[in-house]
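As structure tokens, the structure follows; a few thoughts come after it.
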Amino acid sequence: MPDLARVVSEIAEEMRQRPDRGKVATYIPELAHVDPGAFGLVVIDNEGNVAAGGDADMPFSIQSISKVFTLTLALGKAGDRLWARVGREPSGSAFNSIVQLEHERGIPRNPFINAGAIAVTDLILSGHQPREALGEILRFMQFIADDSTITIDEGVAASEKRTGFRNIALANYMKSFGVLDNPVDYTLGVYFHHCAIAMTCRQLAMAGRFLAHHGRNPATGLPIVQPERARRINAIMLTCGHYDGSGEFAYRVGLPGKSGVGGGILAVAPGKASIAVWSPGLDESGNSHLGRIALEALTKRMGWSIFAA
Ligand code: DON
């Protein structure tokens, strides 16, 4: 078995030197200032060993990676009733696309495209004030990462609120079909804020451990979700976690993964490791360019693809 710590530091060094870094997202103005030269990688294995490389402790905006955790919370709250308001099929279109919503009567394809994540947030919000729902999401992140210092970057949330015209359109469109229960402003307020949670690769890899360990926190043995639920969340990450780049990610990396426009990716090697990578430059599908390349190198060298030894 190759030495994990050495593989991680070699990959971080290789990525630091690469000239092709993709393009930093600019549609959320606050994200445009991030240094495209940044790169971080953290792997936490089954035994709790942590291998870290590059900017492993620099916080970044987790953006759509938060959708994995809101999905987990919403399934905890509603169970299979969730699937009445959101599907679980790949969309084959961009993360902020509106085209399928009309054909499918306001029911988004899956919980990871923006429309689907807004519908999931709306379910978490029901019965609460926005501040309480947001507190529940943030506390859940802090709990599973075992780190109470994780916070929301209010500057990023405000920046997205000012410029989030597509999401406002998606939410209003779903509302017209009766898919959202709460006032659109409230649901979007919670959505923009959970996307603006700032975390380091180390914190994110900690938060993903339960998905790699049959739903349990491997350090304490405590269940976060049932094993079957962890398996299903992983399945949705594999098929939908990278939007229209999900096929390419499965082909090259071979792990369940979820990307965010902040340039982070959370990947899960079931039974083996939780992995967080961050490089802010994106490819044309809005997924981290070097993040994907680094994960491809990691799974190849460690033999971790779920499709083959
Ligand atoms: O709603 C948005 O557009 C952002 N808050 C999140 C999008 C995102 O991260 C897409 N992922 N690659």
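Note on naming: chains are A, B, ... as they come in the structure tokens, residues start from 1 per chain, ligands start from 1 in the order shown.
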| field | Spatial neighbours of Ala117 of chain A, max dist 8 Å, only C-alpha atoms, sep filter under 6 positions, as number ranges by chain | value | A: 67, 70-71, 110-111, 191
| Given a cut-off of 6 Å, what residues near ligand 1 show up using only C-alpha atoms and all ligand atoms, put as a PyMOL selection string? | chain A and resi 63-64+95+114+192+195+259-261+286-287
Shell around segment 3-6 of chain A at 12 Å using only C-alpha atoms, local window under 4 positions removed, as a compact mmCIF listing (two decimals) with N, CA, C and O atoms, in the first residue's frame:
```txt
# COMPACT_ATOMS: atom_id res chain seq x y z
N GLU A 10 3.07 14.84 -2.29
CA GLU A 10 3.54 14.88 -3.70
C GLU A 10 2.48 15.54 -4.60
O GLU A 10 2.81 16.38 -5.43
N ILE A 11 1.23 15.15 -4.40
CA ILE A 11 0.16 15.71 -5.25
C ILE A 11 0.05 17.23 -5.01
O ILE A 11 -0.07 18.01 -5.95
N ALA A 12 0.11 17.65 -3.75
CA ALA A 12 0.01 19.09 -3.44
C ALA A 12 1.14 19.85 -4.14
O ALA A 12 0.92 20.94 -4.69
N GLU A 13 2.33 19.29 -4.15
CA GLU A 13 3.47 19.94 -4.79
C GLU A 13 3.27 19.99 -6.31
O GLU A 13 3.49 21.02 -6.96
N LEU A 41 -5.26 20.01 0.16
CA LEU A 41 -5.74 18.63 0.08
C LEU A 41 -5.61 17.98 1.46
O LEU A 41 -4.53 18.05 2.07
N VAL A 42 -6.71 17.40 1.95
CA VAL A 42 -6.65 16.67 3.23
C VAL A 42 -7.38 15.33 3.06
O VAL A 42 -8.49 15.28 2.52
N VAL A 43 -6.75 14.26 3.52
CA VAL A 43 -7.35 12.93 3.50
C VAL A 43 -7.36 12.39 4.93
O VAL A 43 -6.34 12.44 5.62
N ILE A 44 -8.54 11.93 5.37
CA ILE A 44 -8.62 11.31 6.70
C ILE A 44 -9.04 9.85 6.49
O ILE A 44 -10.12 9.59 5.95
N ASP A 45 -8.18 8.93 6.88
CA ASP A 45 -8.47 7.52 6.59
C ASP A 45 -9.31 6.88 7.71
O ASP A 45 -9.65 7.54 8.71
N ASN A 49 -6.12 8.67 10.69
CA ASN A 49 -4.88 9.33 10.27
C ASN A 49 -5.21 10.46 9.32
O ASN A 49 -6.04 10.30 8.41
N VAL A 50 -4.55 11.62 9.54
CA VAL A 50 -4.80 12.79 8.70
C VAL A 50 -3.57 13.05 7.85
O VAL A 50 -2.47 13.18 8.38
N ALA A 51 -3.77 13.10 6.52
CA ALA A 51 -2.67 13.48 5.63
C ALA A 51 -3.06 14.81 4.99
O ALA A 51 -4.14 14.93 4.40
N ALA A 52 -2.21 15.84 5.13
CA ALA A 52 -2.56 17.18 4.66
C ALA A 52 -1.46 17.72 3.77
O ALA A 52 -0.27 17.48 4.00
N GLY A 53 -1.87 18.46 2.71
CA GLY A 53 -0.88 19.09 1.83
C GLY A 53 -1.36 20.46 1.39
O GLY A 53 -2.57 20.72 1.33
N LYS A 272 -12.90 3.66 3.32
CA LYS A 272 -11.46 3.95 3.30
C LYS A 272 -11.12 5.35 3.81
O LYS A 272 -10.30 5.50 4.72
N ALA A 273 -11.76 6.40 3.23
CA ALA A 273 -11.30 7.74 3.59
C ALA A 273 -12.31 8.82 3.19
O ALA A 273 -13.12 8.63 2.28
N ILE A 275 -12.18 12.80 1.92
CA ILE A 275 -11.16 13.60 1.23
C ILE A 275 -11.73 14.99 0.91
O ILE A 275 -12.84 15.11 0.39
N LEU A 298 -4.89 11.00 -6.88
CA LEU A 298 -4.97 10.34 -5.57
C LEU A 298 -5.59 8.94 -5.69
O LEU A 298 -5.05 7.95 -5.17
N THR A 299 -6.73 8.84 -6.38
CA THR A 299 -7.41 7.54 -6.46
C THR A 299 -6.59 6.53 -7.27
O THR A 299 -6.57 5.34 -6.97
N ARG A 301 -3.21 6.52 -7.52
CA ARG A 301 -2.04 6.07 -6.76
C ARG A 301 -2.43 5.20 -5.55
O ARG A 301 -1.68 4.30 -5.17
N MET A 302 -3.59 5.49 -4.96
CA MET A 302 -4.00 4.70 -3.78
C MET A 302 -4.84 3.48 -4.17
O MET A 302 -5.18 2.66 -3.32
N GLY A 303 -5.28 3.40 -5.44
CA GLY A 303 -6.15 2.29 -5.85
C GLY A 303 -7.54 2.39 -5.21
O GLY A 303 -8.12 1.38 -4.83
N TRP A 304 -8.07 3.63 -5.11
CA TRP A 304 -9.30 3.85 -4.36
C TRP A 304 -10.57 4.00 -5.20
O TRP A 304 -11.65 4.22 -4.63
```
| query | So which residues touch Thr72 of chain A within 12 Å, counting only C-alpha atoms, skipping near sequence neighbours fewer than 5 positions away, as a VMD selection string? | reply | chain A and resid 65 to 67 77 to 80 82 111 to 112 117 120 to 121 123 to 124 137 140 to 141 144 207 to 208 210 to 211 215 224 to 226 229 to 234 236 to 237
| segment 239-244 of chain A: which residues within 8 Å, counting only C-alpha atoms, same-chain residues fewer than 6 positions away excluded, as a count of residues only? | 18
Distance query Arg16 of chain A at most 12 Å, only C-alpha atoms, self and fewer than 2 positions along chain excluded, as a CSV table (one decimal) with C-alpha atoms, in the first residue's frame:
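Output (selection38.csv):
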```
chain,number,residue,atom,x,y,z
A,9,SER,CA,2.3,15.9,-0.2
A,10,GLU,CA,3.5,14.9,-3.7
A,11,ILE,CA,0.2,15.7,-5.3
A,12,ALA,CA,0.0,19.1,-3.4
A,13,GLU,CA,3.5,19.9,-4.8
A,14,GLU,CA,2.6,18.8,-8.3
A,18,ARG,CA,0.8,23.5,-12.6
A,19,PRO,CA,0.1,26.5,-14.9
A,20,ASP,CA,-3.5,25.4,-15.9
A,21,ARG,CA,-5.6,26.5,-12.9
A,36,PRO,CA,-6.2,31.2,-8.0
A,37,GLY,CA,-2.8,29.9,-6.9
A,38,ALA,CA,-4.3,28.4,-3.7
A,39,PHE,CA,-4.4,24.6,-3.4
A,40,GLY,CA,-5.2,22.4,-0.4
A,41,LEU,CA,-5.7,18.6,0.1
A,53,GLY,CA,-0.9,19.1,1.8
A,54,GLY,CA,-0.8,22.7,0.6
A,55,ASP,CA,-3.3,25.2,2.0
A,278,TRP,CA,-9.6,23.0,-2.8
A,279,SER,CA,-8.4,24.9,-5.8
A,290,LEU,CA,-7.2,21.1,-10.3
A,291,GLY,CA,-9.3,19.6,-7.6
A,294,ALA,CA,-5.7,16.0,-7.9
```
| task | Would you list, as a PyMOL selection string, the residues of segment 146-283 of chain A that end up in helix (DSSP H, G or I) under DSSP run on this structure's backbone? | result | chain A and resi 154-163+165-176+184-195+201-207+209-212+227-240+243-252
| Proximity to His128 of chain A - best of A:Ala235, A:Val190, A:Met174, A:Leu266, only C-alpha atoms | A:Val190
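Of the residues under consideration (A:Val68, A:Ala269, A:Val86, A:Ile197), A:Ile197 shows the shortest atom-to-atom contact distance to Glu154 of chain A when counting only C-alpha atoms.
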| said: If DSSP is run on the backbone, what residues of segment 175-306 of chain A are strand (DSSP E or B)? A reply as a PyMOL selection string would be ideal. | reply: chain A and resi 197-199+216+223+257-259+264-269+273-278+281-282+288
| said: Between atom CA of Pro108 of chain A and atom CA of Gln203 of chain A, what distance in Å does the model show, to one decimal? | reply: 29.7 Å
